[in-house]
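S.K.: If it helps, the file is called final.cif and holds mmCIF, C-alpha atoms:
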data_protein
#
loop_
_atom_site.label_atom_id
_atom_site.label_comp_id
_atom_site.auth_asym_id
_atom_site.auth_seq_id
_atom_site.Cartn_x
_atom_site.Cartn_y
_atom_site.Cartn_z
CA MET A 1 1.11 0.95 15.16
CA ALA A 2 2.52 -0.63 11.97
CA ASN A 3 -0.67 -2.63 11.40
CA GLU A 4 -2.69 0.53 11.96
CA GLU A 5 -0.57 2.42 9.44
CA SER A 6 -0.95 -0.30 6.82
CA SER A 7 -4.70 -0.26 7.23
CA VAL A 8 -4.70 3.55 7.22
CA LEU A 9 -3.11 3.55 3.78
CA LYS A 10 -5.85 1.35 2.34
CA SER A 11 -8.75 3.67 3.01
CA CYS A 12 -9.42 7.38 2.82
CA ASP A 13 -11.87 6.92 5.70
CA SER A 14 -9.05 5.50 7.81
CA ILE A 15 -6.85 8.49 6.95
CA ASP A 16 -9.67 10.76 8.06
CA THR A 17 -10.01 8.74 11.27
CA LEU A 18 -6.30 9.13 11.98
CA LEU A 19 -6.37 12.85 11.17
CA ASN A 20 -9.30 13.37 13.53
CA ARG A 21 -7.21 11.92 16.39
CA LEU A 22 -4.11 14.06 15.74
CA PRO A 23 -3.46 17.59 17.03
CA LYS A 24 -4.27 20.10 14.27
CA VAL A 25 -3.51 23.75 13.61
CA CYS A 26 -4.36 26.02 10.72
CA PHE A 27 -1.25 27.46 9.06
CA TRP A 28 -1.53 30.81 7.25
CA GLU A 29 -5.31 30.58 7.48
CA SER A 30 -5.40 28.13 4.59
CA THR A 31 -3.53 24.90 5.32
CA ASP A 32 -4.24 22.36 8.02
CA LEU A 33 -1.17 20.88 9.70
CA TYR A 34 -1.30 17.69 11.74
CA GLN A 35 1.17 16.74 14.44
CA TRP A 36 2.38 13.18 13.95
CA GLU A 37 5.35 11.80 15.86
CA GLY A 38 6.52 15.27 16.82
CA VAL A 39 6.39 16.74 13.31
CA TRP A 40 3.77 19.03 11.76
CA LEU A 41 2.69 17.81 8.32
CA THR A 42 0.04 18.55 5.72
CA ARG A 43 -2.35 15.72 4.90
CA GLU A 44 -0.48 14.79 1.71
CA TYR A 45 2.89 14.60 3.47
CA LEU A 46 1.41 12.62 6.33
CA GLU A 47 0.03 10.12 3.80
CA ALA A 48 3.46 10.02 2.11
CA SER A 49 5.17 9.42 5.46
CA LEU A 50 2.84 6.53 6.22
CA ALA A 51 3.49 5.09 2.74
CA PHE A 52 7.25 5.38 3.27
CA ARG A 53 7.05 3.63 6.60
CA SER A 54 4.88 0.85 5.16
CA HIS A 55 6.80 0.20 1.93
CA PHE A 56 10.46 1.19 2.30
CA GLU A 57 12.87 -1.66 2.97
CA ALA A 58 16.54 -0.85 3.40
CA ARG A 59 19.02 -3.27 1.88
CA ASP A 60 22.25 -4.36 3.57
CA ASP A 61 24.32 -2.31 1.09
CA ASP A 62 22.25 0.89 1.33
CA ILE A 63 23.85 4.07 2.61
CA ILE A 64 21.35 6.66 3.75
CA LEU A 65 22.48 10.28 4.09
CA THR A 66 20.13 12.74 5.73
CA SER A 67 20.19 16.51 5.64
CA THR A 68 17.77 19.36 5.31
CA MET A 69 17.91 21.99 2.60
CA LYS A 70 20.88 24.36 2.61
CA THR A 71 22.90 22.34 5.13
CA GLY A 72 25.58 20.93 2.82
CA THR A 73 23.75 18.14 0.99
CA THR A 74 25.99 18.42 -2.09
CA TRP A 75 29.12 18.34 0.06
CA LEU A 76 27.77 15.37 2.05
CA LYS A 77 27.05 13.41 -1.15
CA ALA A 78 30.52 14.22 -2.54
CA LEU A 79 32.18 13.16 0.72
CA CYS A 80 30.32 9.85 0.67
CA ILE A 81 31.42 9.21 -2.93
CA CYS A 82 35.05 9.98 -2.02
CA ILE A 83 34.95 7.63 0.97
CA MET A 84 33.45 4.84 -1.11
CA GLN A 85 36.02 5.36 -3.89
CA SER A 86 38.91 5.25 -1.41
CA GLN A 87 37.57 2.00 0.05
CA ASN A 88 37.57 0.53 -3.45
CA GLY A 89 41.20 1.56 -4.02
CA ASP A 90 40.25 4.23 -6.57
CA SER A 91 41.44 7.30 -4.64
CA ASN A 92 44.50 8.06 -6.83
CA LYS A 93 42.91 7.53 -10.22
CA GLU A 94 41.79 11.05 -11.14
CA GLU A 95 40.80 10.02 -14.65
CA GLU A 96 38.30 7.56 -13.12
CA ASP A 97 37.08 9.93 -10.39
CA ILE A 98 33.35 10.22 -10.93
CA LEU A 99 33.28 13.70 -9.32
CA VAL A 100 35.58 15.05 -12.05
CA LYS A 101 32.86 14.31 -14.58
CA TYR A 102 29.58 14.57 -12.64
CA ASN A 103 27.84 16.63 -9.98
CA PRO A 104 27.29 14.66 -6.74
CA HIS A 105 23.52 14.98 -7.16
CA THR A 106 23.80 13.03 -10.42
CA CYS A 107 25.68 10.21 -8.69
CA VAL A 108 23.60 9.84 -5.51
CA GLN A 109 19.88 9.22 -5.79
CA THR A 110 17.74 11.58 -3.75
CA LEU A 111 14.90 10.24 -1.70
CA ASP A 112 13.04 13.36 -0.66
CA SER A 113 9.62 14.15 0.69
CA HIS A 114 8.17 14.40 -2.82
CA THR A 115 9.10 10.83 -3.75
CA TYR A 116 6.29 9.25 -1.74
CA VAL A 117 3.82 12.09 -2.41
CA GLU A 118 4.07 11.40 -6.15
CA ASN A 119 4.00 7.60 -5.80
CA PRO A 120 3.14 5.80 -2.53
CA ASN A 121 5.17 2.74 -3.61
CA PRO A 122 8.08 3.91 -5.84
CA ASP A 123 10.69 1.62 -7.38
CA LEU A 124 13.94 2.46 -5.57
CA SER A 125 15.96 -0.38 -7.04
CA VAL A 126 18.05 1.91 -9.27
#
Is it possible to give me this structure as structure tokens?

M.R.:
Amino acid sequence: MANEESSVLKSCDSIDTLLNRLPKVCFWESTDLYQWEGVWLTREYLEASLAFRSHFEARDDDIILTSTMKTGTTWLKALCICIMQSQNGDSNKEEEDILVKYNPHTCVQTLDSHTYVENPNPDLSV
């Protein structure tokens, strides 16, 4: 499947071929949704998902947090920062606590569904 996905990304015709093989429904009489790996996606988000799968490479030091909207993403990011600070021996240094100065969303990069819609091969090295 990985080879198929790589080739799918190279050609609009291949995307159309893939879409023709997937289950499809019309949502709100205006948007086609395609079922891919158990999830219903629009064409642009399906293309972004394929790009993510083809290009993303996790590093050994990456920490990936996952949550959907309104499920405590800010709290989850803050908790991760606190755990990492305590592992570095910084837990008692309030003046150096990054959360005193910054919102957790500023400190933890967000990789959301729009990232790969806007750019199929973004630079995530930051």

S.K.: Could you list, as an MDAnalysis selection string, every residue matched by the PyMOL selection byres ((chain A and resi 63) around 12) in this structure?

M.R.: chainID A and resid 58:62 64:66 76:77 80:81 83:84 108:111

S.K.: Please write the residues from the selection above to a file, keeping C-alpha atoms, as a compact mmCIF listing (two decimals), keeping the file's coordinate frame.

M.R.:
# COMPACT_ATOMS: atom_id res chain seq x y z
CA ALA A 58 16.54 -0.85 3.40
CA ARG A 59 19.02 -3.27 1.88
CA ASP A 60 22.25 -4.36 3.57
CA ASP A 61 24.32 -2.31 1.09
CA ASP A 62 22.25 0.89 1.33
CA ILE A 64 21.35 6.66 3.75
CA LEU A 65 22.48 10.28 4.09
CA THR A 66 20.13 12.74 5.73
CA LEU A 76 27.77 15.37 2.05
CA LYS A 77 27.05 13.41 -1.15
CA CYS A 80 30.32 9.85 0.67
CA ILE A 81 31.42 9.21 -2.93
CA ILE A 83 34.95 7.63 0.97
CA MET A 84 33.45 4.84 -1.11
CA VAL A 108 23.60 9.84 -5.51
CA GLN A 109 19.88 9.22 -5.79
CA THR A 110 17.74 11.58 -3.75
CA LEU A 111 14.90 10.24 -1.70

S.K.: Using only C-alpha atoms, which residues sit within 12 Å of Leu41 in chain A once same-chain residues fewer than 4 positions away are excluded, as a ChimeraX atom specification?

M.R.: /A:19,22-27,31-37,45-50,113

S.K.: So, counting only C-alpha atoms, which residue among A:Lys70, A:Ser86, A:Ala78, A:Asn119 is closest to Val100 in chain A?

M.R.: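 For Val100 in chain A, the nearest of the given residues is A:Ala78.
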
S.K.: Please determine the residues with any atom at most 10 Å from (4.6, -0.9, -3.5) (coordinates as given in the file, with all atoms listed in the file counting) and report them as a PyMOL selection string.

M.R.: chain A and resi 51-52+54-56+119-123

S.K.: Please compute the CA of Trp75 in chain A-CA of Gly38 in chain A distance, one decimal, in Å.

M.R.: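 If I compute the distance from CA of Trp75 in chain A to CA of Gly38 in chain A, I get 28.3 Å.
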
S.K.: I'd like the interatomic distance between CA of Asn20 in chain A and CA of Tyr116 in chain A, to a tenth of an Å.

M.R.: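 That distance, rounded to one decimal, is 22.2 Å.
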
S.K.: For Leu18 in chain A, which residue among A:Thr74, A:Ser30, A:His114, A:Arg43 is the nearest when counting only C-alpha atoms?

M.R.: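 With only C-alpha atoms as the atom set, the closest residue is A:Arg43.
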
S.K.: Suppose you want the space between CA of Glu57 in chain A and CA of Cys82 in chain A; what is it in Å?

M.R.: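 Separation of CA of Glu57 in chain A and CA of Cys82 in chain A: 25.5 Å.
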